[in-house]
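Structure, as structure tokens:
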Amino acid sequence: MKQQYDQILVIPKPFVKWAGGKRQLISLLNENLPETFGTYYEPFLGGGALLFHILTKKNGQKCSISDLNSDLVLAYTTIRDRIDELISSLKIHEKNYQKDSKFYYYYVRGTNPRSEIEKTSRLLFLNRTCFNGLYRVNSKGKFNVPLGKYTNPNIVNEENLHSVSNILQSSRVSIKCRDFEAVLRDAKKGDLVYFDPPYQPVSETANFTSYTNKNFTFDDLSRLSELCMKLDLKGCRVLLSNSDSKEVLDMFEKKPWKVSKIQANRSINSNSKKRTGHFELLIKNY
Ligand SMILES: C[S@@+](CC[C@H](N)C(=O)[O-])C[C@H]1O[C@@H](n2cnc3c(N)ncnc32)[C@H](O)[C@@H]1O
């Protein structure tokens, strides 16, 4: 009984740590949301920090979320539809990890499970135990992060997973694996689209773009800026996060775009000294 009670009280949060995750910027993003909007679109979903914030504020909000990373999208649908099986599978990982963490981590990293449950529990297990909680793949799409240095990682995190599952079940959320540009077909006047793409590198060491085996290129950024213009013409509200770079500033210099520089922390950087404040851009058309 106590456990059920706790599950109801936990506010759903991102269930993966994700490079570029927006948890630390939530109050600033919240201040920049329009008062009202139709469907909420988030086409570069990642850990979905803003999605969970919006769903917590307004349960029942219609949402359409998507990402190009198929393992990540599968994790969302598995948590929504098969939470108990998933938690049982994670508990097995937890038990084995406690016996010999190094051996077991690299064993799981080398596997390629077929079932939806095992694929998702592998992703969550690796995300909890890998170095820096980072998801990164090589050019062949293979997860390539080494073991992290945790004494007691929270591998199962049952309360949050139940809470995420509940909110995804009780709200009107459509979840798809697709390229961001597909949002143009669906979004209508009055809808809100929040874009948080992989950022353009601002320095040679800041080029983390490997969420999938395809890098996010300058052409993708150009596609995105054209898409923002088209969505604006359709009457959609557009909110965009990006790095503080000249390329991005040039693309959004004209009306109706309002650009603000905001201070942000990078929570995922292999060098902890570089996890300090930096500036990024928040751009909107309303
Ligand atoms: C900066 S992360 C989003 C972080 C998210 N806002 C959060 O709070 O965790 C960018 C996401 O875009 C996805 N992505 C990369 N290229 C894409 C594309 N062409 N279409 C859709 N999603 C893409 C990546 O898989 C990654 O999850």
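Here, A, B, ... name the chains of the structure tokens in the order displayed, residue numbers run from 1 inside each chain, and ligands are numbered from 1 in the same displayed order.
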Per-residue DSSP, range 216-266 of chain A, filtered to strand (DSSP E), as a PDB file with N, CA and C atoms, in the first residue's frame:
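Output file result33.pdb follows:
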```pdb
ATOM      1  N   ARG A 237       3.317  28.199 -32.807  1.00  0.00           N
ATOM      2  CA  ARG A 237       4.284  28.847 -31.926  1.00  0.00           C
ATOM      3  C   ARG A 237       5.519  27.973 -31.882  1.00  0.00           C
ATOM      4  N   VAL A 238       6.660  28.621 -32.086  1.00  0.00           N
ATOM      5  CA  VAL A 238       7.904  27.855 -32.177  1.00  0.00           C
ATOM      6  C   VAL A 238       8.882  28.339 -31.105  1.00  0.00           C
ATOM      7  N   LEU A 239       9.417  27.377 -30.347  1.00  0.00           N
ATOM      8  CA  LEU A 239      10.439  27.673 -29.345  1.00  0.00           C
ATOM      9  C   LEU A 239      11.630  26.795 -29.684  1.00  0.00           C
ATOM     10  N   LEU A 240      12.822  27.396 -29.728  1.00  0.00           N
ATOM     11  CA  LEU A 240      14.009  26.656 -30.173  1.00  0.00           C
ATOM     12  C   LEU A 240      15.190  26.930 -29.248  1.00  0.00           C
ATOM     13  N   SER A 241      15.856  25.862 -28.834  1.00  0.00           N
ATOM     14  CA  SER A 241      17.108  26.003 -28.084  1.00  0.00           C
ATOM     15  C   SER A 241      18.259  25.749 -29.041  1.00  0.00           C
ATOM     16  N   ASN A 242      19.338  26.493 -28.899  1.00  0.00           N
ATOM     17  CA  ASN A 242      20.524  26.167 -29.692  1.00  0.00           C
ATOM     18  C   ASN A 242      21.763  26.816 -29.102  1.00  0.00           C
ATOM     19  N   SER A 243      22.910  26.461 -29.701  1.00  0.00           N
ATOM     20  CA  SER A 243      24.147  27.028 -29.179  1.00  0.00           C
ATOM     21  C   SER A 243      24.273  28.482 -29.610  1.00  0.00           C
ATOM     22  N   LYS A 258      12.532  36.246 -31.805  1.00  0.00           N
ATOM     23  CA  LYS A 258      13.121  36.940 -30.644  1.00  0.00           C
ATOM     24  C   LYS A 258      14.180  36.011 -30.066  1.00  0.00           C
ATOM     25  N   VAL A 259      15.392  36.540 -29.972  1.00  0.00           N
ATOM     26  CA  VAL A 259      16.508  35.696 -29.527  1.00  0.00           C
ATOM     27  C   VAL A 259      16.990  36.173 -28.164  1.00  0.00           C
ATOM     28  N   SER A 260      17.082  35.274 -27.195  1.00  0.00           N
ATOM     29  CA  SER A 260      17.716  35.667 -25.921  1.00  0.00           C
ATOM     30  C   SER A 260      18.873  34.740 -25.591  1.00  0.00           C
ATOM     31  N   LYS A 261      19.863  35.327 -24.971  1.00  0.00           N
ATOM     32  CA  LYS A 261      21.026  34.543 -24.538  1.00  0.00           C
ATOM     33  C   LYS A 261      20.770  34.114 -23.117  1.00  0.00           C
ATOM     34  N   ILE A 262      20.888  32.844 -22.851  1.00  0.00           N
ATOM     35  CA  ILE A 262      20.620  32.392 -21.489  1.00  0.00           C
ATOM     36  C   ILE A 262      21.822  31.616 -20.957  1.00  0.00           C
ATOM     37  N   GLN A 263      21.955  31.618 -19.640  1.00  0.00           N
ATOM     38  CA  GLN A 263      23.078  30.890 -19.040  1.00  0.00           C
ATOM     39  C   GLN A 263      22.630  29.465 -18.728  1.00  0.00           C
ATOM     40  N   ALA A 264      23.491  28.513 -19.104  1.00  0.00           N
ATOM     41  CA  ALA A 264      23.120  27.114 -18.891  1.00  0.00           C
ATOM     42  C   ALA A 264      24.309  26.356 -18.357  1.00  0.00           C
ATOM     43  N   ASN A 265      24.027  25.214 -17.735  1.00  0.00           N
ATOM     44  CA  ASN A 265      25.127  24.361 -17.271  1.00  0.00           C
ATOM     45  C   ASN A 265      25.171  23.131 -18.134  1.00  0.00           C
TER      46      ASN A 265
END
```
Notebook entry, point to check: Which protein, DNA or RNA residues have an atom within 8 Å of ligand 1, counting only C-alpha atoms and all ligand atoms, as an NGL selection string?
Noted result: :A and (14 or 16-23 or 43-50 or 66-69 or 72 or 177-181 or 195-199 or 209-212 or 214-216 or 220)
Those residues with N, CA and C atoms, as a short mmCIF file (atom, residue, chain, number, x, y, z; two decimals), in the first residue's frame please?
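Output below, filename selection.cif:
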```
data_model
loop_
_atom_site.label_atom_id
_atom_site.label_comp_id
_atom_site.auth_asym_id
_atom_site.auth_seq_id
_atom_site.Cartn_x
_atom_site.Cartn_y
_atom_site.Cartn_z
N PRO A 14 12.70 12.86 -16.32
CA PRO A 14 13.37 12.07 -17.36
C PRO A 14 13.93 10.77 -16.77
N VAL A 16 16.08 8.86 -18.37
CA VAL A 16 17.46 8.70 -18.83
C VAL A 16 18.19 10.02 -18.66
N LYS A 17 19.49 9.90 -18.39
CA LYS A 17 20.34 11.09 -18.42
C LYS A 17 20.74 11.24 -19.88
N TRP A 18 20.58 12.41 -20.45
CA TRP A 18 20.78 12.55 -21.90
C TRP A 18 21.63 13.78 -22.18
N ALA A 19 22.60 13.66 -23.06
CA ALA A 19 23.42 14.83 -23.38
C ALA A 19 22.53 15.96 -23.89
N GLY A 20 22.70 17.14 -23.35
CA GLY A 20 21.86 18.27 -23.77
C GLY A 20 20.53 18.31 -23.05
N GLY A 21 20.32 17.42 -22.08
CA GLY A 21 19.05 17.38 -21.33
C GLY A 21 18.75 18.75 -20.71
N LYS A 22 17.47 19.09 -20.63
CA LYS A 22 17.09 20.45 -20.23
C LYS A 22 16.58 20.57 -18.80
N ARG A 23 16.88 19.59 -17.95
CA ARG A 23 16.33 19.64 -16.59
C ARG A 23 16.70 20.92 -15.85
N PRO A 43 9.96 17.33 -31.20
CA PRO A 43 10.52 16.41 -32.21
C PRO A 43 11.99 16.00 -31.98
N PHE A 44 12.66 16.58 -30.98
CA PHE A 44 14.01 16.11 -30.59
C PHE A 44 13.89 15.74 -29.12
N LEU A 45 13.20 14.67 -28.86
CA LEU A 45 12.71 14.41 -27.50
C LEU A 45 13.80 14.17 -26.46
N GLY A 46 14.79 13.33 -26.76
CA GLY A 46 15.82 12.99 -25.75
C GLY A 46 15.16 12.54 -24.46
N GLY A 47 15.63 13.08 -23.33
CA GLY A 47 15.08 12.71 -22.02
C GLY A 47 13.73 13.35 -21.74
N GLY A 48 13.31 14.29 -22.56
CA GLY A 48 11.95 14.85 -22.46
C GLY A 48 11.70 15.69 -21.22
N ALA A 49 12.72 16.44 -20.78
CA ALA A 49 12.54 17.23 -19.54
C ALA A 49 11.33 18.18 -19.64
N LEU A 50 11.22 18.89 -20.76
CA LEU A 50 10.11 19.85 -20.86
C LEU A 50 8.76 19.12 -21.02
N SER A 66 8.66 12.84 -30.55
CA SER A 66 9.39 11.96 -31.47
C SER A 66 10.89 12.19 -31.36
N ASP A 67 11.64 11.23 -31.87
CA ASP A 67 13.10 11.29 -31.87
C ASP A 67 13.57 10.32 -32.95
N LEU A 68 14.77 10.54 -33.46
CA LEU A 68 15.31 9.64 -34.49
C LEU A 68 15.98 8.41 -33.88
N ASN A 69 16.24 8.45 -32.59
CA ASN A 69 16.89 7.31 -31.92
C ASN A 69 15.83 6.25 -31.59
N LEU A 72 15.62 4.77 -28.03
CA LEU A 72 15.03 5.70 -27.06
C LEU A 72 13.50 5.72 -27.20
N CYS A 177 9.04 7.37 -33.91
CA CYS A 177 10.44 7.45 -34.28
C CYS A 177 10.48 8.06 -35.67
N ARG A 178 10.97 9.26 -35.80
CA ARG A 178 11.01 9.90 -37.12
C ARG A 178 11.92 11.12 -37.12
N ASP A 179 12.24 11.57 -38.31
CA ASP A 179 13.04 12.78 -38.46
C ASP A 179 12.19 14.00 -38.06
N PHE A 180 12.86 15.02 -37.54
CA PHE A 180 12.13 16.19 -37.01
C PHE A 180 11.24 16.88 -38.03
N GLU A 181 11.63 16.80 -39.33
CA GLU A 181 10.91 17.58 -40.34
C GLU A 181 9.47 17.11 -40.52
N PHE A 195 11.82 22.82 -30.23
CA PHE A 195 12.96 22.13 -30.86
C PHE A 195 14.18 22.24 -29.96
N ASP A 196 14.74 21.08 -29.61
CA ASP A 196 16.01 21.08 -28.87
C ASP A 196 16.97 20.13 -29.59
N PRO A 197 17.50 20.57 -30.74
CA PRO A 197 18.32 19.67 -31.57
C PRO A 197 19.71 19.50 -30.99
N PRO A 198 20.47 18.52 -31.51
CA PRO A 198 21.90 18.48 -31.17
C PRO A 198 22.49 19.83 -31.59
N TYR A 199 23.33 20.41 -30.73
CA TYR A 199 23.82 21.75 -30.99
C TYR A 199 24.95 21.76 -32.01
N THR A 209 27.74 14.92 -31.00
CA THR A 209 26.53 14.88 -31.82
C THR A 209 26.07 13.45 -32.04
N SER A 210 26.63 12.47 -31.31
CA SER A 210 26.37 11.08 -31.66
C SER A 210 25.27 10.39 -30.85
N TYR A 211 24.05 10.93 -30.92
CA TYR A 211 22.90 10.29 -30.28
C TYR A 211 22.43 9.12 -31.16
N THR A 212 22.75 9.22 -32.44
CA THR A 212 22.39 8.17 -33.39
C THR A 212 23.64 7.98 -34.26
N LYS A 214 23.91 8.85 -37.14
CA LYS A 214 24.01 9.95 -38.10
C LYS A 214 24.28 11.23 -37.34
N ASN A 215 25.28 11.96 -37.75
CA ASN A 215 25.56 13.23 -37.07
C ASN A 215 24.56 14.30 -37.51
N PHE A 216 24.36 15.28 -36.66
CA PHE A 216 23.49 16.41 -37.00
C PHE A 216 24.39 17.46 -37.66
N ASP A 220 21.46 19.92 -41.71
CA ASP A 220 20.30 19.65 -40.84
C ASP A 220 19.85 20.93 -40.14
#
```
Item checked: Non-local contacts of Val164 in chain A (9 Å; only C-alpha atoms; under 4 positions in same chain excluded) as a PyMOL selection string -> chain A and resi 11-15+52+76+79-80+159-160+168-169
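Between Thr77 in chain A and the residues A:Ala182, A:Val156, A:Val193, A:Ile117, the shortest atom-to-atom distance, using only C-alpha atoms, involves A:Ile117.
The two atoms in question, CA of Glu226 in chain A and CA of Ser70 in chain A, are spaced 24.9 Å apart.
Take the candidates A:Leu126, A:Val248, A:Val108, A:Ala75 and check each one against Ser165 in chain A using only C-alpha atoms; the shortest distance goes to A:Ala75.
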Next item on the list: Looking only at alpha helix (DSSP H) from DSSP on the backbone, list the matching residues of range 79-128 of chain A as a PyMOL selection string.
Entry: chain A and resi 79-81+83-99+101-109+116-128
Could you turn the residues from that selection into a file that holds C-alpha atoms, as a compact mmCIF listing (two decimals), in the first residue's frame?
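Just written: selection_26.txt:
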```txt
# COMPACT_ATOMS: atom_id res chain seq x y z
CA ILE A 79 7.63 2.09 -20.13
CA ARG A 80 4.10 3.12 -21.05
CA ASP A 81 2.83 -0.32 -22.07
CA ILE A 83 6.14 -1.40 -17.03
CA ASP A 84 5.97 -4.48 -14.76
CA GLU A 85 7.91 -6.74 -17.13
CA LEU A 86 10.47 -3.98 -17.61
CA ILE A 87 11.00 -3.52 -13.87
CA SER A 88 11.47 -7.30 -13.41
CA SER A 89 14.11 -7.31 -16.14
CA LEU A 90 15.91 -4.31 -14.59
CA LYS A 91 15.96 -6.09 -11.23
CA ILE A 92 17.85 -8.97 -12.85
CA HIS A 93 20.42 -6.49 -14.21
CA GLU A 94 20.73 -4.93 -10.78
CA LYS A 95 21.37 -8.28 -9.10
CA ASN A 96 24.01 -9.35 -11.62
CA TYR A 97 25.71 -5.95 -11.52
CA GLN A 98 26.03 -6.16 -7.75
CA LYS A 99 27.93 -9.47 -8.11
CA SER A 101 29.95 -4.77 -11.92
CA LYS A 102 32.82 -4.55 -14.40
CA PHE A 103 32.38 -7.96 -15.95
CA TYR A 104 28.59 -7.60 -16.13
CA TYR A 105 28.61 -4.06 -17.57
CA TYR A 106 30.86 -5.01 -20.51
CA TYR A 107 28.95 -8.25 -21.03
CA VAL A 108 25.64 -6.33 -21.35
CA ARG A 109 27.25 -3.64 -23.50
CA GLU A 116 11.50 -5.01 -26.59
CA ILE A 117 11.76 -5.52 -22.84
CA GLU A 118 15.40 -6.57 -22.95
CA LYS A 119 16.36 -3.83 -25.38
CA THR A 120 14.85 -1.21 -23.09
CA SER A 121 16.20 -2.65 -19.85
CA ARG A 122 19.66 -2.79 -21.48
CA LEU A 123 19.40 0.88 -22.45
CA LEU A 124 18.29 1.94 -18.96
CA PHE A 125 20.88 -0.28 -17.24
CA LEU A 126 23.73 1.09 -19.37
CA ASN A 127 22.49 4.66 -18.92
CA ARG A 128 22.57 4.24 -15.13
```
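The space separating CA of Leu147 in chain A from CA of Leu134 in chain A comes to 10.5 Å.
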Next item on the list: Mind giving me the straight-line distance from CA of Arg82 in chain A to CA of Ser170 in chain A in Å, one decimal?
Entry: 14.4 Å
Next item on the list: Find the residues around Phe252 in chain A up to 10 Å (only C-alpha atoms counted), leave out those fewer than 6 positions away in its own chain, and share them as a list in words.
Entry: Ser225, Cys228, Met229, Lys258, Val259, Ile283, Lys284 and Asn285 of chain A
With N, CA and C atoms retained, write the just-selected residues as a tab-separated table (two decimals), in the first residue's frame.
```
chain	number	residue	atom	x	y	z
A	225	SER	N	16.04	25.50	-39.71
A	225	SER	CA	15.65	26.91	-39.72
A	225	SER	C	14.56	27.15	-40.78
A	228	CYS	N	11.33	26.06	-39.29
A	228	CYS	CA	10.81	27.04	-38.33
A	228	CYS	C	10.04	28.14	-39.06
A	229	MET	N	10.59	28.59	-40.21
A	229	MET	CA	9.92	29.64	-40.99
A	229	MET	C	8.55	29.14	-41.49
A	258	LYS	N	12.53	36.25	-31.80
A	258	LYS	CA	13.12	36.94	-30.64
A	258	LYS	C	14.18	36.01	-30.07
A	259	VAL	N	15.39	36.54	-29.97
A	259	VAL	CA	16.51	35.70	-29.53
A	259	VAL	C	16.99	36.17	-28.16
A	283	ILE	N	15.16	30.88	-28.69
A	283	ILE	CA	14.59	31.65	-29.81
A	283	ILE	C	13.11	31.35	-29.89
A	284	LYS	N	12.28	32.38	-30.11
A	284	LYS	CA	10.84	32.10	-30.23
A	284	LYS	C	10.20	33.09	-31.19
A	285	ASN	N	9.01	32.76	-31.67
A	285	ASN	CA	8.33	33.62	-32.65
A	285	ASN	C	7.06	34.25	-32.05
```
